Amino acid sequence: LSRIRALVTGGAGGIGTAIAEQLLARGASVLLVDRDPAALDAASRRFVAAGPRLGTFVGDLTRAEDRARLVEQAGRWQGGVNALVNNAGVNHFGMFESQEPAQVELALAVNVQAPILLCRALLPQLARLDEAHIVNMGSVFGSIGYPGYAVYSATKFALRGFTEALRRELAGSPVKVHY
């Protein structure tokens, strides 16, 4: 993994931090991305021993201008990232009828639209490499709908379908796509 230069979204907490920890422990370089500057600062202090193998980016991936800035930085950082880990996600547990439209819109924007658009924006950079990886973080709720998780399940079903289709589109290319 020492050749991996991974961009990890949602990298300032939870699963994102665990992914970063494992990658860094195995010699990879990690560009942590999160919309929460304080949490990102805390995560970067946790990994201070990684030195220049750790980078950070504060941005809201639901905003086109933040995605564009990230893609530009990702192309320069450590010679360019060669792995994208779409990990950022939101999950508002609750029965569907009680969820506010804003919660539904946010879940679709963060869990589906942002990873798809980030894949699209980074794909030209990744496709020029000898080997690259896209990892879209799934969930068991992307295989089975469960009460209280209707919207979250819908977003993970969508991401799973997108990943399967993209994997087939890129078959034979240097970009490997994983869910």
# chains A, B, ... in the order shown; residues from 1 in each chain; ligands from 1
call {"tool": "residues_around", "arguments": {"residues": "Ala109 (chain A)", "least_positions_apart": "2", "cutoff": "12 Å", "atoms": "only C-alpha atoms", "output": "ChimeraX atom specification"}}
result
/A:60-64,88-91,102-107,111-118,151-152,155,158-159
call {"tool": "write_last_selection", "arguments": {"atoms": "N, CA and C atoms", "output": "PDB file, in the first residue's frame"}}
result
ATOM      1  N   ASP A  60     -17.267  21.248   1.471  1.00  0.00           N
ATOM      2  CA  ASP A  60     -18.581  20.629   1.433  1.00  0.00           C
ATOM      3  C   ASP A  60     -18.765  20.045   0.035  1.00  0.00           C
ATOM      4  N   LEU A  61     -18.732  18.744  -0.085  1.00  0.00           N
ATOM      5  CA  LEU A  61     -18.752  18.090  -1.396  1.00  0.00           C
ATOM      6  C   LEU A  61     -20.100  18.178  -2.101  1.00  0.00           C
ATOM      7  N   THR A  62     -21.096  18.745  -1.442  1.00  0.00           N
ATOM      8  CA  THR A  62     -22.365  18.991  -2.125  1.00  0.00           C
ATOM      9  C   THR A  62     -22.301  20.294  -2.922  1.00  0.00           C
ATOM     10  N   ARG A  63     -21.232  21.051  -2.762  1.00  0.00           N
ATOM     11  CA  ARG A  63     -21.046  22.325  -3.465  1.00  0.00           C
ATOM     12  C   ARG A  63     -20.064  22.139  -4.622  1.00  0.00           C
ATOM     13  N   ALA A  64     -20.477  22.519  -5.806  1.00  0.00           N
ATOM     14  CA  ALA A  64     -19.657  22.337  -7.011  1.00  0.00           C
ATOM     15  C   ALA A  64     -18.302  23.015  -6.874  1.00  0.00           C
ATOM     16  N   ALA A  88     -17.864   9.678   2.813  1.00  0.00           N
ATOM     17  CA  ALA A  88     -18.761  10.632   3.470  1.00  0.00           C
ATOM     18  C   ALA A  88     -20.209  10.189   3.301  1.00  0.00           C
ATOM     19  N   GLY A  89     -20.973  10.346   4.361  1.00  0.00           N
ATOM     20  CA  GLY A  89     -22.374   9.981   4.287  1.00  0.00           C
ATOM     21  C   GLY A  89     -23.158  10.537   5.457  1.00  0.00           C
ATOM     22  N   VAL A  90     -24.455  10.646   5.252  1.00  0.00           N
ATOM     23  CA  VAL A  90     -25.355  11.050   6.325  1.00  0.00           C
ATOM     24  C   VAL A  90     -26.480  10.035   6.419  1.00  0.00           C
ATOM     25  N   ASN A  91     -26.983   9.872   7.635  1.00  0.00           N
ATOM     26  CA  ASN A  91     -28.062   8.924   7.881  1.00  0.00           C
ATOM     27  C   ASN A  91     -28.960   9.510   8.964  1.00  0.00           C
ATOM     28  N   ALA A 102     -35.758  18.560   3.821  1.00  0.00           N
ATOM     29  CA  ALA A 102     -34.352  18.974   3.835  1.00  0.00           C
ATOM     30  C   ALA A 102     -33.436  17.806   4.194  1.00  0.00           C
ATOM     31  N   GLN A 103     -33.888  16.900   5.069  1.00  0.00           N
ATOM     32  CA  GLN A 103     -33.085  15.726   5.421  1.00  0.00           C
ATOM     33  C   GLN A 103     -32.959  14.789   4.224  1.00  0.00           C
ATOM     34  N   VAL A 104     -34.054  14.625   3.493  1.00  0.00           N
ATOM     35  CA  VAL A 104     -34.037  13.768   2.306  1.00  0.00           C
ATOM     36  C   VAL A 104     -33.090  14.360   1.263  1.00  0.00           C
ATOM     37  N   GLU A 105     -33.197  15.660   1.028  1.00  0.00           N
ATOM     38  CA  GLU A 105     -32.341  16.323   0.045  1.00  0.00           C
ATOM     39  C   GLU A 105     -30.868  16.217   0.427  1.00  0.00           C
ATOM     40  N   LEU A 106     -30.559  16.390   1.716  1.00  0.00           N
ATOM     41  CA  LEU A 106     -29.170  16.292   2.162  1.00  0.00           C
ATOM     42  C   LEU A 106     -28.627  14.882   1.970  1.00  0.00           C
ATOM     43  N   ALA A 107     -29.426  13.866   2.329  1.00  0.00           N
ATOM     44  CA  ALA A 107     -28.983  12.478   2.168  1.00  0.00           C
ATOM     45  C   ALA A 107     -28.697  12.168   0.703  1.00  0.00           C
ATOM     46  N   ASN A 111     -24.868  11.387  -0.065  1.00  0.00           N
ATOM     47  CA  ASN A 111     -24.667   9.946  -0.236  1.00  0.00           C
ATOM     48  C   ASN A 111     -24.672   9.491  -1.690  1.00  0.00           C
ATOM     49  N   VAL A 112     -25.291  10.269  -2.576  1.00  0.00           N
ATOM     50  CA  VAL A 112     -25.396   9.844  -3.976  1.00  0.00           C
ATOM     51  C   VAL A 112     -24.746  10.853  -4.923  1.00  0.00           C
ATOM     52  N   GLN A 113     -25.255  12.063  -4.918  1.00  0.00           N
ATOM     53  CA  GLN A 113     -24.799  13.046  -5.893  1.00  0.00           C
ATOM     54  C   GLN A 113     -23.323  13.394  -5.737  1.00  0.00           C
ATOM     55  N   ALA A 114     -22.872  13.664  -4.519  1.00  0.00           N
ATOM     56  CA  ALA A 114     -21.468  14.051  -4.314  1.00  0.00           C
ATOM     57  C   ALA A 114     -20.496  12.956  -4.751  1.00  0.00           C
ATOM     58  N   PRO A 115     -20.690  11.694  -4.349  1.00  0.00           N
ATOM     59  CA  PRO A 115     -19.735  10.680  -4.804  1.00  0.00           C
ATOM     60  C   PRO A 115     -19.753  10.463  -6.317  1.00  0.00           C
ATOM     61  N   ILE A 116     -20.926  10.525  -6.915  1.00  0.00           N
ATOM     62  CA  ILE A 116     -21.003  10.353  -8.365  1.00  0.00           C
ATOM     63  C   ILE A 116     -20.266  11.484  -9.071  1.00  0.00           C
ATOM     64  N   LEU A 117     -20.522  12.711  -8.649  1.00  0.00           N
ATOM     65  CA  LEU A 117     -19.881  13.850  -9.300  1.00  0.00           C
ATOM     66  C   LEU A 117     -18.382  13.900  -9.013  1.00  0.00           C
ATOM     67  N   LEU A 118     -17.973  13.457  -7.831  1.00  0.00           N
ATOM     68  CA  LEU A 118     -16.542  13.410  -7.535  1.00  0.00           C
ATOM     69  C   LEU A 118     -15.852  12.346  -8.389  1.00  0.00           C
ATOM     70  N   VAL A 151     -34.774   6.338   3.371  1.00  0.00           N
ATOM     71  CA  VAL A 151     -33.990   7.239   2.536  1.00  0.00           C
ATOM     72  C   VAL A 151     -32.536   6.776   2.475  1.00  0.00           C
ATOM     73  N   TYR A 152     -31.958   6.419   3.612  1.00  0.00           N
ATOM     74  CA  TYR A 152     -30.580   5.938   3.626  1.00  0.00           C
ATOM     75  C   TYR A 152     -30.453   4.698   2.743  1.00  0.00           C
ATOM     76  N   THR A 155     -30.395   5.650  -0.871  1.00  0.00           N
ATOM     77  CA  THR A 155     -29.120   6.233  -1.317  1.00  0.00           C
ATOM     78  C   THR A 155     -28.057   5.155  -1.492  1.00  0.00           C
ATOM     79  N   ALA A 158     -28.722   3.194  -4.605  1.00  0.00           N
ATOM     80  CA  ALA A 158     -28.300   3.986  -5.761  1.00  0.00           C
ATOM     81  C   ALA A 158     -26.792   3.928  -5.936  1.00  0.00           C
ATOM     82  N   LEU A 159     -26.047   4.082  -4.851  1.00  0.00           N
ATOM     83  CA  LEU A 159     -24.592   4.056  -4.940  1.00  0.00           C
ATOM     84  C   LEU A 159     -24.097   2.680  -5.373  1.00  0.00           C
TER      85      LEU A 159
END
call {"tool": "residues_around", "arguments": {"residues": "region 46-48 of chain A", "least_positions_apart": "3", "cutoff": "10 Å", "atoms": "only C-alpha atoms", "output": "PyMOL selection string"}}
result
chain A and resi 17+20-21+24-25+40-43+51-54
call {"tool": "residues_around", "arguments": {"residues": "region 165-177 of chain A", "least_positions_apart": "3", "cutoff": "8 Å", "atoms": "only C-alpha atoms", "output": "ChimeraX atom specification"}}
result
/A:126-136,161-162
call {"tool": "residues_around", "arguments": {"residues": "Val140 (chain A)", "least_positions_apart": "5", "cutoff": "12 Å", "atoms": "only C-alpha atoms", "output": "PyMOL selection string"}}
result
chain A and resi 145-146+149+152-157+160+179
call {"tool": "residues_around", "arguments": {"residues": "Val8 (chain A)", "least_positions_apart": "5", "cutoff": "9 Å", "atoms": "only C-alpha atoms", "output": "PyMOL selection string"}}
result
chain A and resi 16-17+19-20+30-34+83-88
call {"tool": "atom_distance", "arguments": {"atom1": "CA of His178 (chain A)", "atom2": "CA of Glu164 (chain A)"}}
result
8.1 Å
call {"tool": "atom_distance", "arguments": {"atom1": "CA of Leu1 (chain A)", "atom2": "CA of Trp77 (chain A)"}}
result
17.0 Å
call {"tool": "atom_distance", "arguments": {"atom1": "CA of Phe57 (chain A)", "atom2": "CA of Leu108 (chain A)"}}
result
22.0 Å
call {"tool": "select_by_dssp", "arguments": {"residues": "region 1-163 of chain A", "states": "helix (DSSP H, G or I)", "output": "PyMOL selection string"}}
result
chain A and resi 14-25+37-46+48-53+64-79+96-98+101-127+140-142+150-163
call {"tool": "select_by_dssp", "arguments": {"residues": "region 8-148 of chain A", "states": "strand (DSSP E or B)", "output": "list of chain:residue names"}}
result
A:Val8, A:Thr9, A:Ser29, A:Val30, A:Leu31, A:Leu32, A:Val33, A:Asp34, A:Leu54, A:Gly55, A:Thr56, A:Phe57, A:Val58, A:Ala83, A:Leu84, A:Val85, A:Asn86, A:Ala132, A:His133, A:Ile134, A:Val135, A:Asn136
